[in-house]
>>> print(open('upload36.pdb').read())   # PDB, C-alpha atoms
MODEL        1
ATOM      1  CA  MET A 900     112.715 127.007  93.452  1.00  0.00           C
ATOM      2  CA  LYS A 901     114.003 123.878  95.175  1.00  0.00           C
ATOM      3  CA  LYS A 902     115.205 121.016  92.992  1.00  0.00           C
ATOM      4  CA  ILE A 903     113.509 117.658  93.615  1.00  0.00           C
ATOM      5  CA  PRO A 904     115.948 114.718  93.770  1.00  0.00           C
ATOM      6  CA  VAL A 905     115.148 112.099  91.137  1.00  0.00           C
ATOM      7  CA  ARG A 906     116.199 108.439  91.233  1.00  0.00           C
ATOM      8  CA  LYS A 907     115.848 105.544  88.794  1.00  0.00           C
ATOM      9  CA  CYS A 908     113.971 102.328  89.581  1.00  0.00           C
ATOM     10  CA  ILE A 909     116.349  99.356  89.262  1.00  0.00           C
ATOM     11  CA  ALA A 910     113.574  97.227  87.766  1.00  0.00           C
ATOM     12  CA  CYS A 911     111.713  99.334  85.190  1.00  0.00           C
ATOM     13  CA  GLY A 912     114.318 102.082  84.715  1.00  0.00           C
ATOM     14  CA  ILE A 913     111.804 104.910  85.046  1.00  0.00           C
ATOM     15  CA  GLN A 914     113.040 108.033  86.848  1.00  0.00           C
ATOM     16  CA  LYS A 915     110.803 109.275  89.658  1.00  0.00           C
ATOM     17  CA  PRO A 916     111.109 111.671  92.588  1.00  0.00           C
ATOM     18  CA  LYS A 917     113.102 110.044  95.399  1.00  0.00           C
ATOM     19  CA  LYS A 918     110.138 110.218  97.809  1.00  0.00           C
ATOM     20  CA  GLU A 919     108.003 108.014  95.514  1.00  0.00           C
ATOM     21  CA  LEU A 920     110.514 105.149  95.601  1.00  0.00           C
ATOM     22  CA  ILE A 921     111.579 102.631  98.255  1.00  0.00           C
ATOM     23  CA  ARG A 922     115.312 102.532  99.034  1.00  0.00           C
ATOM     24  CA  VAL A 923     117.292  99.410  99.831  1.00  0.00           C
ATOM     25  CA  VAL A 924     120.717 100.227 101.253  1.00  0.00           C
ATOM     26  CA  LYS A 925     123.989  98.380 101.841  1.00  0.00           C
ATOM     27  CA  ASN A 926     126.252  99.866 104.525  1.00  0.00           C
ATOM     28  CA  LYS A 927     130.021  99.569 105.035  1.00  0.00           C
ATOM     29  CA  GLU A 928     129.590  96.307 106.958  1.00  0.00           C
ATOM     30  CA  ASP A 929     127.784  94.792 103.929  1.00  0.00           C
ATOM     31  CA  GLU A 930     124.502  94.724 105.863  1.00  0.00           C
ATOM     32  CA  VAL A 931     121.499  95.201 103.608  1.00  0.00           C
ATOM     33  CA  SER A 932     118.312  96.797 104.911  1.00  0.00           C
ATOM     34  CA  VAL A 933     115.191  98.575 103.728  1.00  0.00           C
ATOM     35  CA  ASP A 934     115.674 102.302 104.305  1.00  0.00           C
ATOM     36  CA  PHE A 935     112.295 103.968 104.812  1.00  0.00           C
ATOM     37  CA  THR A 936     113.850 107.329 105.748  1.00  0.00           C
ATOM     38  CA  GLY A 937     115.977 107.589 102.593  1.00  0.00           C
ATOM     39  CA  LYS A 938     118.813 108.965 104.731  1.00  0.00           C
ATOM     40  CA  ALA A 939     120.798 105.889 105.809  1.00  0.00           C
ATOM     41  CA  ASN A 940     124.485 105.830 104.907  1.00  0.00           C
ATOM     42  CA  GLY A 941     125.617 103.445 102.215  1.00  0.00           C
ATOM     43  CA  ARG A 942     124.986 102.381  98.654  1.00  0.00           C
ATOM     44  CA  GLY A 943     121.309 102.639  97.759  1.00  0.00           C
ATOM     45  CA  ALA A 944     119.103 100.977  95.175  1.00  0.00           C
ATOM     46  CA  TYR A 945     115.636 102.336  94.492  1.00  0.00           C
ATOM     47  CA  ILE A 946     112.489 100.531  93.439  1.00  0.00           C
ATOM     48  CA  CYS A 947     108.962 101.694  92.583  1.00  0.00           C
ATOM     49  CA  ARG A 948     106.202 101.099  95.107  1.00  0.00           C
ATOM     50  CA  ASP A 949     104.769  98.581  92.672  1.00  0.00           C
ATOM     51  CA  LYS A 950     104.474  94.800  92.934  1.00  0.00           C
ATOM     52  CA  ALA A 951     105.262  94.344  89.220  1.00  0.00           C
ATOM     53  CA  CYS A 952     108.567  96.231  89.593  1.00  0.00           C
ATOM     54  CA  PHE A 953     109.459  94.165  92.670  1.00  0.00           C
ATOM     55  CA  ASP A 954     108.835  90.905  90.787  1.00  0.00           C
ATOM     56  CA  LEU A 955     110.811  92.178  87.793  1.00  0.00           C
ATOM     57  CA  ALA A 956     113.734  93.244  90.022  1.00  0.00           C
ATOM     58  CA  ILE A 957     113.921  89.760  91.534  1.00  0.00           C
ATOM     59  CA  LYS A 958     113.676  88.118  88.103  1.00  0.00           C
ATOM     60  CA  LYS A 959     116.461  90.357  86.726  1.00  0.00           C
ATOM     61  CA  ASN A 960     118.573  89.891  89.890  1.00  0.00           C
ATOM     62  CA  ALA A 961     118.647  93.698  89.982  1.00  0.00           C
ATOM     63  CA  PHE A 962     119.128  94.097  93.753  1.00  0.00           C
ATOM     64  CA  ASN A 963     122.186  91.851  93.846  1.00  0.00           C
ATOM     65  CA  ARG A 964     123.699  93.668  90.866  1.00  0.00           C
ATOM     66  CA  ALA A 965     122.913  97.200  92.092  1.00  0.00           C
ATOM     67  CA  LEU A 966     124.211  96.606  95.622  1.00  0.00           C
ATOM     68  CA  GLU A 967     127.059  94.322  94.527  1.00  0.00           C
ATOM     69  CA  THR A 968     126.194  91.682  97.132  1.00  0.00           C
ATOM     70  CA  LYS A 969     123.903  88.712  97.778  1.00  0.00           C
ATOM     71  CA  ILE A 970     120.670  89.827  99.396  1.00  0.00           C
ATOM     72  CA  ALA A 971     119.040  87.782 102.168  1.00  0.00           C
ATOM     73  CA  ASP A 972     115.471  86.552 101.759  1.00  0.00           C
ATOM     74  CA  ASP A 973     114.262  88.507 104.810  1.00  0.00           C
ATOM     75  CA  ILE A 974     114.986  91.781 102.966  1.00  0.00           C
ATOM     76  CA  TYR A 975     112.776  90.620 100.112  1.00  0.00           C
ATOM     77  CA  GLU A 976     110.077  89.706 102.650  1.00  0.00           C
ATOM     78  CA  LYS A 977     110.209  93.191 104.239  1.00  0.00           C
ATOM     79  CA  LEU A 978     109.886  94.808 100.820  1.00  0.00           C
ATOM     80  CA  LYS A 979     107.030  92.508  99.854  1.00  0.00           C
ATOM     81  CA  GLU A 980     105.166  93.361 103.097  1.00  0.00           C
ATOM     82  CA  LYS A 981     105.643  97.083 102.430  1.00  0.00           C
ATOM     83  CA  LEU A 982     104.301  96.721  98.885  1.00  0.00           C
ATOM     84  CA  ASP A 983     101.338  94.636 100.044  1.00  0.00           C
ATOM     85  CA  ALA A 984     100.507  97.313 102.643  1.00  0.00           C
ATOM     86  CA  ASN A 985     100.479 100.003  99.920  1.00  0.00           C
ATOM     87  CA  GLU A 986      97.860  98.254  97.823  1.00  0.00           C
TER
ENDMDL
END
>>> encode(input="upload36.pdb", output="structure tokens")
Amino acid sequence: MKKIPVRKCIACGIQKPKKELIRVVKNKEDEVSVDFTGKANGRGAYICRDKACFDLAIKKNAFNRALETKIADDIYEKLKEKLDANE
């Protein structure tokens, strides 16, 4: 039986299978991007595909803390668009 990778949402703290979460990644050049493949190199932070978690993550400054860098507004916009498309 194959083990399913589990990751924790940076907003709500609930562990879910990796495929159910959206990954935001910071690479070696400190560039932050939304990683829809889940395979990009770099430090990753995961968030639920839920608008409430996204709002909570922004309120808690969770992305900046998890990725140890300041995140540009366009990254937040990309994530927001993705979440709006899911609803």
>>> residues_around(input="upload36.pdb", residues="Glu967 of chain A", least_positions_apart="4", cutoff="9 Å", atoms="only C-alpha atoms", output="ChimeraX atom specification")
/A:925,962-963
>>> residues_near_point(input="upload36.pdb", point="(106.6, 99.8, 91.4)", cutoff="9 Å", atoms="only C-alpha atoms", output="ChimeraX atom specification")
/A:908,910-911,920-921,946-953,982
>>> closest_residue(input="upload36.pdb", among="A:Lys927, A:Ile957, A:Val905, A:Asn940", to="Asp972 of chain A", atoms="all atoms listed in the file")
A:Ile957
>>> resolve_selection(input="upload36.pdb", expression="the PyMOL selection byres ((chain A and resi 928) around 12)", output="PDB file with C-alpha atoms, in the coordinates of the input")
ATOM      1  CA  VAL A 924     120.717 100.227 101.253  1.00  0.00           C
ATOM      2  CA  LYS A 925     123.989  98.380 101.841  1.00  0.00           C
ATOM      3  CA  ASN A 926     126.252  99.866 104.525  1.00  0.00           C
ATOM      4  CA  LYS A 927     130.021  99.569 105.035  1.00  0.00           C
ATOM      5  CA  ASP A 929     127.784  94.792 103.929  1.00  0.00           C
ATOM      6  CA  GLU A 930     124.502  94.724 105.863  1.00  0.00           C
ATOM      7  CA  VAL A 931     121.499  95.201 103.608  1.00  0.00           C
ATOM      8  CA  SER A 932     118.312  96.797 104.911  1.00  0.00           C
ATOM      9  CA  ASN A 940     124.485 105.830 104.907  1.00  0.00           C
ATOM     10  CA  GLY A 941     125.617 103.445 102.215  1.00  0.00           C
ATOM     11  CA  ARG A 942     124.986 102.381  98.654  1.00  0.00           C
ATOM     12  CA  THR A 968     126.194  91.682  97.132  1.00  0.00           C
TER      13      THR A 968
END
>>> residues_near_point(input="upload36.pdb", point="(117.8, 109.8, 90.2)", cutoff="8 Å", atoms="all atoms listed in the file", output="list in words")
Pro904, Val905, Arg906, Lys907, Gln914, Lys915, Pro916 and Lys917 of chain A
>>> atom_distance(input="upload36.pdb", atom1="atom CA of Asp934 of chain A", atom2="atom CA of Ile909 of chain A")
15.3 Å
>>> closest_residue(input="upload36.pdb", among="A:Lys977, A:Asp954, A:Ala984, A:Asn960", to="Val923 of chain A", atoms="only C-alpha atoms")
A:Lys977
>>> atom_distance(input="upload36.pdb", atom1="atom CA of Ala939 of chain A", atom2="atom CA of Lys979 of chain A")
20.1 Å
